[in-house]
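Chemist: Just so it is clear, I am handing over final27.pdb, which has PDB, C-alpha atoms.
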```
ATOM      1  CA  GLU A  19     -31.364 -14.734   2.953  1.00  0.00           C
ATOM      2  CA  GLU A  20     -29.781 -13.822   6.277  1.00  0.00           C
ATOM      3  CA  VAL A  21     -26.254 -12.467   6.140  1.00  0.00           C
ATOM      4  CA  SER A  22     -23.812 -14.307   8.381  1.00  0.00           C
ATOM      5  CA  SER A  23     -22.068 -12.451  11.208  1.00  0.00           C
ATOM      6  CA  SER A  24     -18.652 -13.234   9.727  1.00  0.00           C
ATOM      7  CA  ALA A  25     -19.707 -11.703   6.393  1.00  0.00           C
ATOM      8  CA  LYS A  26     -20.877  -8.574   8.219  1.00  0.00           C
ATOM      9  CA  ALA A  27     -17.584  -8.398  10.127  1.00  0.00           C
ATOM     10  CA  PHE A  28     -15.578  -8.803   6.921  1.00  0.00           C
ATOM     11  CA  THR A  29     -17.530  -6.023   5.219  1.00  0.00           C
ATOM     12  CA  LEU A  30     -17.074  -3.706   8.209  1.00  0.00           C
ATOM     13  CA  CYS A  31     -13.328  -4.399   8.316  1.00  0.00           C
ATOM     14  CA  SER A  32     -13.090  -3.781   4.582  1.00  0.00           C
ATOM     15  CA  VAL A  33     -14.837  -0.389   4.835  1.00  0.00           C
ATOM     16  CA  ILE A  34     -12.730   0.713   7.834  1.00  0.00           C
ATOM     17  CA  THR A  35      -9.503  -0.396   6.148  1.00  0.00           C
ATOM     18  CA  SER A  36     -10.348   1.498   2.963  1.00  0.00           C
ATOM     19  CA  GLY A  37     -11.049   4.630   4.970  1.00  0.00           C
ATOM     20  CA  LEU A  38      -7.817   4.360   6.958  1.00  0.00           C
ATOM     21  CA  CYS A  39      -5.759   3.760   3.818  1.00  0.00           C
ATOM     22  CA  SER A  40      -7.303   6.844   2.209  1.00  0.00           C
ATOM     23  CA  ALA A  41      -6.486   8.891   5.302  1.00  0.00           C
ATOM     24  CA  ALA A  42      -2.945   7.536   5.676  1.00  0.00           C
ATOM     25  CA  GLY A  43      -1.278  10.112   3.419  1.00  0.00           C
ATOM     26  CA  PRO A  44      -2.806  13.233   5.004  1.00  0.00           C
ATOM     27  CA  LEU A  45      -2.306  11.750   8.474  1.00  0.00           C
ATOM     28  CA  MET A  46       1.392  11.083   7.911  1.00  0.00           C
ATOM     29  CA  ALA A  47       1.871  14.573   6.468  1.00  0.00           C
ATOM     30  CA  ALA A  48       0.110  16.131   9.458  1.00  0.00           C
ATOM     31  CA  ILE A  49       2.307  14.196  11.899  1.00  0.00           C
ATOM     32  CA  LYS A  50       5.473  15.088  10.027  1.00  0.00           C
ATOM     33  CA  PHE A  51       4.751  18.817   9.932  1.00  0.00           C
ATOM     34  CA  ARG A  52       2.909  19.175  13.232  1.00  0.00           C
ATOM     35  CA  HIS A  53       5.668  21.389  14.624  1.00  0.00           C
ATOM     36  CA  ILE A  54       5.905  23.623  11.568  1.00  0.00           C
ATOM     37  CA  ASP A  55       3.466  26.527  11.472  1.00  0.00           C
ATOM     38  CA  ALA A  56       3.498  30.140  10.374  1.00  0.00           C
ATOM     39  CA  GLY A  57       5.179  31.185  13.622  1.00  0.00           C
ATOM     40  CA  ASN A  58       8.200  28.901  13.618  1.00  0.00           C
ATOM     41  CA  TYR A  59       8.712  28.014   9.957  1.00  0.00           C
ATOM     42  CA  ALA A  60      11.567  30.523   9.590  1.00  0.00           C
ATOM     43  CA  GLU A  61      13.242  29.092  12.692  1.00  0.00           C
ATOM     44  CA  VAL A  62      12.972  25.537  11.346  1.00  0.00           C
ATOM     45  CA  ALA A  63      14.433  26.602   7.986  1.00  0.00           C
ATOM     46  CA  GLU A  64      17.307  28.389   9.729  1.00  0.00           C
ATOM     47  CA  ASN A  65      18.066  25.303  11.832  1.00  0.00           C
ATOM     48  CA  MET A  66      18.096  23.136   8.698  1.00  0.00           C
ATOM     49  CA  ASP A  67      20.534  25.506   6.969  1.00  0.00           C
ATOM     50  CA  ASP A  68      22.749  25.482  10.051  1.00  0.00           C
ATOM     51  CA  ALA A  69      22.726  21.664  10.105  1.00  0.00           C
ATOM     52  CA  LYS A  70      23.740  21.572   6.428  1.00  0.00           C
ATOM     53  CA  ARG A  71      26.647  23.943   7.058  1.00  0.00           C
ATOM     54  CA  LYS A  72      27.902  21.829   9.952  1.00  0.00           C
ATOM     55  CA  TYR A  73      27.589  18.673   7.868  1.00  0.00           C
ATOM     56  CA  LYS A  74      29.643  20.173   5.049  1.00  0.00           C
ATOM     57  CA  GLU A  75      32.353  21.146   7.528  1.00  0.00           C
ATOM     58  CA  LEU A  76      32.580  17.545   8.765  1.00  0.00           C
ATOM     59  CA  VAL A  77      32.230  15.702   5.449  1.00  0.00           C
ATOM     60  CA  PRO A  78      34.496  16.469   2.481  1.00  0.00           C
ATOM     61  CA  ASP A  79      32.714  17.315  -0.755  1.00  0.00           C
ATOM     62  CA  LYS A  80      33.921  14.157  -2.487  1.00  0.00           C
ATOM     63  CA  GLU A  81      32.687  11.829   0.264  1.00  0.00           C
ATOM     64  CA  GLU A  82      29.365  13.655   0.430  1.00  0.00           C
ATOM     65  CA  GLU A  83      28.877  13.303  -3.324  1.00  0.00           C
ATOM     66  CA  GLU A  84      29.688   9.594  -3.222  1.00  0.00           C
ATOM     67  CA  ALA A  85      27.312   9.041  -0.301  1.00  0.00           C
ATOM     68  CA  ILE A  86      24.477  10.760  -2.144  1.00  0.00           C
ATOM     69  CA  GLU A  87      25.053   8.728  -5.297  1.00  0.00           C
ATOM     70  CA  THR A  88      25.239   5.470  -3.355  1.00  0.00           C
ATOM     71  CA  THR A  89      22.008   6.196  -1.488  1.00  0.00           C
ATOM     72  CA  GLU A  90      20.050   7.133  -4.602  1.00  0.00           C
ATOM     73  CA  ASP A  91      21.291   4.238  -6.681  1.00  0.00           C
ATOM     74  CA  GLN A  92      21.664   1.315  -4.297  1.00  0.00           C
ATOM     75  CA  LEU A  93      18.207  -0.176  -4.927  1.00  0.00           C
ATOM     76  CA  LYS A  94      18.700   0.302  -8.667  1.00  0.00           C
ATOM     77  CA  THR A  95      22.149  -1.261  -8.674  1.00  0.00           C
ATOM     78  CA  ARG A  96      21.469  -4.087  -6.234  1.00  0.00           C
ATOM     79  CA  HIS A  97      19.488  -6.413  -8.478  1.00  0.00           C
ATOM     80  CA  GLY A  98      19.170  -9.101  -5.793  1.00  0.00           C
ATOM     81  CA  ALA A  99      17.389  -6.691  -3.452  1.00  0.00           C
ATOM     82  CA  ARG A 100      14.999  -5.606  -6.186  1.00  0.00           C
ATOM     83  CA  ILE A 101      14.247  -9.222  -7.088  1.00  0.00           C
ATOM     84  CA  LEU A 102      13.150  -9.795  -3.474  1.00  0.00           C
ATOM     85  CA  LEU A 103      10.765  -6.860  -3.746  1.00  0.00           C
ATOM     86  CA  VAL A 104       9.366  -8.160  -7.036  1.00  0.00           C
ATOM     87  CA  MET A 105       8.764 -11.519  -5.323  1.00  0.00           C
ATOM     88  CA  ALA A 106       6.931  -9.755  -2.478  1.00  0.00           C
ATOM     89  CA  SER A 107       4.761  -7.894  -4.998  1.00  0.00           C
ATOM     90  CA  MET A 108       3.928 -11.051  -6.920  1.00  0.00           C
ATOM     91  CA  LEU A 109       2.902 -12.785  -3.686  1.00  0.00           C
ATOM     92  CA  TYR A 110       0.729  -9.805  -2.754  1.00  0.00           C
ATOM     93  CA  TRP A 111      -1.090  -9.582  -6.075  1.00  0.00           C
ATOM     94  CA  GLY A 112      -1.149 -13.360  -6.487  1.00  0.00           C
ATOM     95  CA  THR A 113      -3.151 -13.674  -3.274  1.00  0.00           C
ATOM     96  CA  ALA A 114      -5.813 -11.273  -4.530  1.00  0.00           C
ATOM     97  CA  ALA A 115      -5.930 -13.124  -7.862  1.00  0.00           C
ATOM     98  CA  ALA A 116      -6.257 -16.512  -6.122  1.00  0.00           C
ATOM     99  CA  VAL A 117      -9.177 -15.253  -4.045  1.00  0.00           C
ATOM    100  CA  TYR A 118     -10.903 -13.701  -7.055  1.00  0.00           C
ATOM    101  CA  PHE A 119     -10.570 -16.685  -9.386  1.00  0.00           C
ATOM    102  CA  SER A 120     -10.595 -19.652  -6.999  1.00  0.00           C
ATOM    103  CA  ALA A 121     -12.754 -18.843  -3.974  1.00  0.00           C
ATOM    104  CA  ASP A 122     -16.113 -20.609  -3.845  1.00  0.00           C
ATOM    105  CA  VAL A 123     -18.311 -17.776  -2.568  1.00  0.00           C
ATOM    106  CA  THR A 124     -21.982 -17.813  -1.547  1.00  0.00           C
ATOM    107  CA  CYS A 125     -24.015 -14.632  -1.215  1.00  0.00           C
ATOM    108  CA  GLY A 126     -24.257 -13.470   2.391  1.00  0.00           C
ATOM    109  CA  GLN A 127     -21.974 -16.190   3.735  1.00  0.00           C
ATOM    110  CA  ALA A 128     -18.416 -16.194   5.043  1.00  0.00           C
ATOM    111  CA  LEU A 129     -15.405 -16.540   2.786  1.00  0.00           C
ATOM    112  CA  PRO A 130     -13.688 -19.932   2.749  1.00  0.00           C
ATOM    113  CA  ALA A 131     -11.222 -20.291   5.628  1.00  0.00           C
ATOM    114  CA  TRP A 132      -8.301 -20.901   3.265  1.00  0.00           C
ATOM    115  CA  THR A 133      -8.561 -17.352   1.904  1.00  0.00           C
ATOM    116  CA  TYR A 134      -7.847 -15.845   5.339  1.00  0.00           C
ATOM    117  CA  VAL A 135      -5.022 -18.297   5.982  1.00  0.00           C
ATOM    118  CA  LEU A 136      -3.503 -17.515   2.592  1.00  0.00           C
ATOM    119  CA  PHE A 137      -3.687 -13.770   3.226  1.00  0.00           C
ATOM    120  CA  ALA A 138      -2.108 -14.099   6.687  1.00  0.00           C
ATOM    121  CA  VAL A 139       0.762 -16.260   5.420  1.00  0.00           C
ATOM    122  CA  VAL A 140       1.469 -14.066   2.406  1.00  0.00           C
ATOM    123  CA  THR A 141       1.353 -10.767   4.301  1.00  0.00           C
ATOM    124  CA  VAL A 142       3.848 -12.141   6.850  1.00  0.00           C
ATOM    125  CA  CYS A 143       6.074 -13.355   4.005  1.00  0.00           C
ATOM    126  CA  THR A 144       6.028  -9.934   2.328  1.00  0.00           C
ATOM    127  CA  VAL A 145       7.066  -8.289   5.608  1.00  0.00           C
ATOM    128  CA  GLY A 146       9.917 -10.790   5.859  1.00  0.00           C
ATOM    129  CA  LEU A 147      11.041 -10.089   2.298  1.00  0.00           C
ATOM    130  CA  GLU A 148      11.023  -6.339   2.894  1.00  0.00           C
ATOM    131  CA  LEU A 149      12.991  -6.677   6.123  1.00  0.00           C
ATOM    132  CA  PHE A 150      15.481  -8.997   4.436  1.00  0.00           C
ATOM    133  CA  THR A 151      15.869  -6.427   1.667  1.00  0.00           C
ATOM    134  CA  LEU A 152      16.631  -3.714   4.216  1.00  0.00           C
ATOM    135  CA  ARG A 153      19.055  -6.026   5.981  1.00  0.00           C
ATOM    136  CA  SER A 154      20.924  -6.474   2.716  1.00  0.00           C
ATOM    137  CA  LEU A 155      21.282  -2.689   2.690  1.00  0.00           C
ATOM    138  CA  ALA A 156      22.448  -2.574   6.322  1.00  0.00           C
ATOM    139  CA  GLY A 157      25.086   0.030   6.992  1.00  0.00           C
ATOM    140  CA  LYS A 158      23.665   2.265   4.279  1.00  0.00           C
ATOM    141  CA  PRO A 159      21.371   5.203   5.111  1.00  0.00           C
ATOM    142  CA  LEU A 160      18.548   3.635   3.099  1.00  0.00           C
ATOM    143  CA  GLY A 161      18.661   0.495   5.206  1.00  0.00           C
ATOM    144  CA  ARG A 162      17.765   2.186   8.505  1.00  0.00           C
ATOM    145  CA  VAL A 163      14.291   2.999   9.822  1.00  0.00           C
ATOM    146  CA  ASP A 164      13.398   4.399  13.245  1.00  0.00           C
ATOM    147  CA  ASN A 165      11.000   2.428  15.443  1.00  0.00           C
ATOM    148  CA  LEU A 166       7.920   4.627  15.029  1.00  0.00           C
ATOM    149  CA  ALA A 167       8.262   4.749  11.255  1.00  0.00           C
ATOM    150  CA  MET A 168       8.706   0.961  11.179  1.00  0.00           C
ATOM    151  CA  VAL A 169       5.558   0.329  13.232  1.00  0.00           C
ATOM    152  CA  MET A 170       3.485   2.669  11.068  1.00  0.00           C
ATOM    153  CA  ALA A 171       4.928   1.223   7.861  1.00  0.00           C
ATOM    154  CA  VAL A 172       4.077  -2.329   8.907  1.00  0.00           C
ATOM    155  CA  GLY A 173       0.588  -1.314  10.023  1.00  0.00           C
ATOM    156  CA  PHE A 174      -0.358   0.717   6.957  1.00  0.00           C
ATOM    157  CA  GLY A 175       1.213  -1.879   4.673  1.00  0.00           C
ATOM    158  CA  ARG A 176      -0.937  -4.669   6.117  1.00  0.00           C
ATOM    159  CA  MET A 177      -4.034  -2.468   5.822  1.00  0.00           C
ATOM    160  CA  GLY A 178      -3.170  -1.717   2.204  1.00  0.00           C
ATOM    161  CA  GLN A 179      -2.785  -5.401   1.425  1.00  0.00           C
ATOM    162  CA  PHE A 180      -6.021  -6.249   3.217  1.00  0.00           C
ATOM    163  CA  ASP A 181      -7.740  -3.511   1.217  1.00  0.00           C
ATOM    164  CA  SER A 182      -6.757  -5.219  -2.051  1.00  0.00           C
ATOM    165  CA  PHE A 183      -7.677  -8.630  -0.626  1.00  0.00           C
ATOM    166  CA  SER A 184     -11.104  -7.347   0.428  1.00  0.00           C
ATOM    167  CA  ASP A 185     -11.625  -5.711  -2.979  1.00  0.00           C
ATOM    168  CA  ALA A 186     -11.121  -9.071  -4.686  1.00  0.00           C
ATOM    169  CA  ALA A 187     -13.227 -10.959  -2.139  1.00  0.00           C
ATOM    170  CA  GLY A 188     -15.940  -8.289  -2.110  1.00  0.00           C
ATOM    171  CA  ALA A 189     -16.177  -8.415  -5.885  1.00  0.00           C
ATOM    172  CA  ARG A 190     -16.707 -12.185  -5.799  1.00  0.00           C
ATOM    173  CA  ILE A 191     -19.336 -11.896  -3.073  1.00  0.00           C
ATOM    174  CA  MET A 192     -21.230  -9.191  -4.925  1.00  0.00           C
ATOM    175  CA  GLN A 193     -21.069 -11.162  -8.165  1.00  0.00           C
ATOM    176  CA  ALA A 194     -22.593 -14.154  -6.375  1.00  0.00           C
ATOM    177  CA  CYS A 195     -25.387 -12.006  -4.913  1.00  0.00           C
ATOM    178  CA  ALA A 196     -26.124 -10.263  -8.218  1.00  0.00           C
ATOM    179  CA  ALA A 197     -26.265 -13.609  -9.989  1.00  0.00           C
ATOM    180  CA  GLU A 198     -29.037 -14.738  -7.639  1.00  0.00           C
ATOM    181  CA  ASP A 199     -31.144 -11.561  -7.979  1.00  0.00           C
ATOM    182  CA  PRO A 200     -29.845  -9.103 -10.620  1.00  0.00           C
ATOM    183  CA  GLU A 201     -32.855  -6.805 -10.332  1.00  0.00           C
ATOM    184  CA  PHE A 202     -32.493  -6.298  -6.566  1.00  0.00           C
ATOM    185  CA  PHE A 203     -28.813  -5.365  -6.919  1.00  0.00           C
ATOM    186  CA  SER A 204     -29.380  -2.842  -9.712  1.00  0.00           C
ATOM    187  CA  TRP A 205     -30.558   0.141  -7.643  1.00  0.00           C
ATOM    188  CA  PHE A 206     -30.002   2.034  -4.393  1.00  0.00           C
ATOM    189  CA  SER A 207     -32.193   4.294  -2.277  1.00  0.00           C
ATOM    190  CA  VAL A 208     -31.613   7.535  -0.379  1.00  0.00           C
ATOM    191  CA  TRP A 209     -34.307   8.674   2.088  1.00  0.00           C
ATOM    192  CA  GLY A 210     -36.883   6.524   0.346  1.00  0.00           C
ATOM    193  CA  HIS A 211     -35.991   7.676  -3.172  1.00  0.00           C
ATOM    194  CA  LYS A 212     -34.919   4.931  -5.542  1.00  0.00           C
ATOM    195  CA  PHE A 213     -32.060   5.477  -7.995  1.00  0.00           C
ATOM    196  CA  PRO A 214     -31.230   2.937 -10.725  1.00  0.00           C
ATOM    197  CA  LEU A 215     -27.673   1.846 -11.458  1.00  0.00           C
ATOM    198  CA  PRO A 216     -26.341   1.553 -15.021  1.00  0.00           C
ATOM    199  CA  THR A 217     -25.972  -2.189 -14.410  1.00  0.00           C
ATOM    200  CA  ASP A 218     -26.014  -4.624 -11.505  1.00  0.00           C
ATOM    201  CA  LEU A 219     -23.497  -4.323  -8.643  1.00  0.00           C
ATOM    202  CA  GLY A 220     -21.748  -7.533  -9.634  1.00  0.00           C
ATOM    203  CA  THR A 221     -20.808  -6.040 -12.996  1.00  0.00           C
ATOM    204  CA  LEU A 222     -19.793  -2.744 -11.386  1.00  0.00           C
ATOM    205  CA  MET A 223     -17.509  -4.585  -8.969  1.00  0.00           C
ATOM    206  CA  THR A 224     -15.913  -6.350 -11.932  1.00  0.00           C
ATOM    207  CA  VAL A 225     -15.269  -2.954 -13.513  1.00  0.00           C
ATOM    208  CA  GLY A 226     -13.690  -1.859 -10.214  1.00  0.00           C
ATOM    209  CA  VAL A 227     -11.325  -4.833 -10.263  1.00  0.00           C
ATOM    210  CA  VAL A 228     -10.312  -4.003 -13.836  1.00  0.00           C
ATOM    211  CA  LEU A 229      -9.575  -0.411 -12.774  1.00  0.00           C
ATOM    212  CA  ILE A 230      -7.343  -1.673  -9.940  1.00  0.00           C
ATOM    213  CA  ILE A 231      -5.440  -3.802 -12.442  1.00  0.00           C
ATOM    214  CA  VAL A 232      -5.050  -0.942 -14.908  1.00  0.00           C
ATOM    215  CA  PHE A 233      -4.199   1.868 -12.497  1.00  0.00           C
ATOM    216  CA  GLN A 234      -2.354   0.068  -9.680  1.00  0.00           C
ATOM    217  CA  LEU A 235      -1.243  -3.491 -10.378  1.00  0.00           C
ATOM    218  CA  LEU A 236       0.227  -3.062 -13.857  1.00  0.00           C
ATOM    219  CA  PRO A 237       1.855   0.367 -13.296  1.00  0.00           C
ATOM    220  CA  GLY A 238       3.283  -0.780  -9.971  1.00  0.00           C
ATOM    221  CA  LEU A 239       4.895  -3.891 -11.425  1.00  0.00           C
ATOM    222  CA  VAL A 240       6.135  -2.060 -14.528  1.00  0.00           C
ATOM    223  CA  LEU A 241       7.797   0.637 -12.414  1.00  0.00           C
ATOM    224  CA  LEU A 242       9.354  -1.889 -10.041  1.00  0.00           C
ATOM    225  CA  ILE A 243      10.601  -4.289 -12.711  1.00  0.00           C
ATOM    226  CA  GLY A 244      11.595  -1.405 -15.007  1.00  0.00           C
ATOM    227  CA  ASN A 245      13.666   0.063 -12.165  1.00  0.00           C
ATOM    228  CA  PHE A 246      12.412   3.657 -12.209  1.00  0.00           C
ATOM    229  CA  GLN A 247      10.209   5.869 -10.015  1.00  0.00           C
ATOM    230  CA  LEU A 248      10.860   3.417  -7.186  1.00  0.00           C
ATOM    231  CA  PRO A 249       9.034   5.366  -4.426  1.00  0.00           C
ATOM    232  CA  VAL A 250       5.856   5.278  -6.529  1.00  0.00           C
ATOM    233  CA  ALA A 251       6.433   1.586  -7.264  1.00  0.00           C
ATOM    234  CA  MET A 252       6.808   0.849  -3.527  1.00  0.00           C
ATOM    235  CA  LYS A 253       3.511   2.536  -2.698  1.00  0.00           C
ATOM    236  CA  MET A 254       1.585   0.903  -5.526  1.00  0.00           C
ATOM    237  CA  ASN A 255       2.825  -2.524  -4.413  1.00  0.00           C
ATOM    238  CA  GLU A 256       2.309  -1.737  -0.696  1.00  0.00           C
ATOM    239  CA  LEU A 257       6.021  -2.169   0.046  1.00  0.00           C
ATOM    240  CA  THR A 258       5.647   0.385   2.801  1.00  0.00           C
ATOM    241  CA  ILE A 259       8.575  -0.729   4.959  1.00  0.00           C
ATOM    242  CA  VAL A 260      11.111  -0.057   2.209  1.00  0.00           C
ATOM    243  CA  LEU A 261       9.241   3.140   1.328  1.00  0.00           C
ATOM    244  CA  ALA A 262       9.536   4.282   4.956  1.00  0.00           C
ATOM    245  CA  ALA A 263      13.281   3.599   4.871  1.00  0.00           C
ATOM    246  CA  MET A 264      13.644   5.691   1.726  1.00  0.00           C
ATOM    247  CA  GLU A 265      11.575   8.511   3.214  1.00  0.00           C
ATOM    248  CA  ASN A 266      13.429   8.299   6.539  1.00  0.00           C
ATOM    249  CA  HIS A 267      16.714   9.005   4.795  1.00  0.00           C
TER     250      HIS A 267
END
```
Now that the file is in, can you turn its structure into structure tokens?

Modeler:
Amino acid sequence: EEVSSSAKAFTLCSVITSGLCSAAGPLMAAIKFRHIDAGNYAEVAENMDDAKRKYKELVPDKEEEEAIETTEDQLKTRHGARILLVMASMLYWGTAAAVYFSADVTCGQALPAWTYVLFAVVTVCTVGLELFTLRSLAGKPLGRVDNLAMVMAVGFGRMGQFDSFSDAAGARIMQACAAEDPEFFSWFSVWGHKFPLPTDLGTLMTVGVVLIIVFQLLPGLVLLIGNFQLPVAMKMNELTIVLAAMENH
């Protein structure tokens, strides 16, 4: 059966998004430390120490201590802000669940149009909830993000959400294909050599979905709702805008 052009495009976008998300961490680290090398590391460290000394001269110890405590604890103490982030996470994971359990998928054909509309609406809503959360922290160091960091946070966050969306949709597509011809989807070839899989690809994709639930969805929600290790919780739930604000400070 011929694969539709939209199905090919979706698969290509899914592969590219997964690759970009995997490269996001090293890329951000490389950008952040691009000016620090063996030749000027000592100079950078000296400048940082000088900046700290000047800051201490301008800010009394008591005010500095209070500012640090407020910055570290504001997300933990502001329950309304954290509730907004939990809502954003539930929308994000709920979309993937809706696609996995409700989409009527045919092997080699495009996903139903409502799945794309749902993803677009939800990803815009999660951006809005994150921005509203930061606005509620306005005036605090945690609530400010520079323009470049904001653009990258929004971009990588949408790619991360699309990655989860495509994982759920890809699993349903592969399950539909494997159901039609289990034997064909139970092996792969490299340079003409055939290698069997332990089971069909549909079953393997189901195992992959379970692993996402166990190692990302559940830990991310537990950390966020339990109110600890918030930077890890933000990344697991693709709340990259708030994570960028935390990192920026």

Chemist: So how many Å separate CA of Gly220 (chain A) and CA of Met192 (chain A), to one decimal?

Modeler: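 Between CA of Gly220 (chain A) and CA of Met192 (chain A) the gap works out to 5.0 Å.
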
Chemist: Which residues match the PyMOL selection byres ((chain A and resi 188) around 12) in the file above, as number ranges by chain?

Modeler: A: 25-26, 28-33, 114, 117-118, 121, 123-129, 180-187, 189-195, 219-220, 222-224, 226-227

Chemist: Quick one: which residues end up in the PyMOL selection byres ((chain A and resi 256-258) around 10) for this structure, as a VMD selection string?

Modeler: chain A and resid 103 to 104 106 to 107 110 144 to 145 147 to 148 167 to 168 170 to 179 182 238 249 to 255 259 to 264

Chemist: Evaluate the PyMOL selection byres ((chain A and resi 216) around 12) and record the selected residues as number ranges by chain, following the chain and residue labels used in the document.

Modeler: A: 201, 203-206, 213-215, 217-222

Chemist: Which value, in Å to one decimal, gives the distance between CA of Ser207 (chain A) and CA of Ile230 (chain A)?

Modeler: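 A separation of 26.7 Å between them.
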
Chemist: Between CA of Val135 (chain A) and CA of Thr113 (chain A), what is the distance in Å, rounded to a tenth?

Modeler: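 Atom-to-atom, CA of Val135 (chain A) to CA of Thr113 (chain A), that is 10.5 Å.
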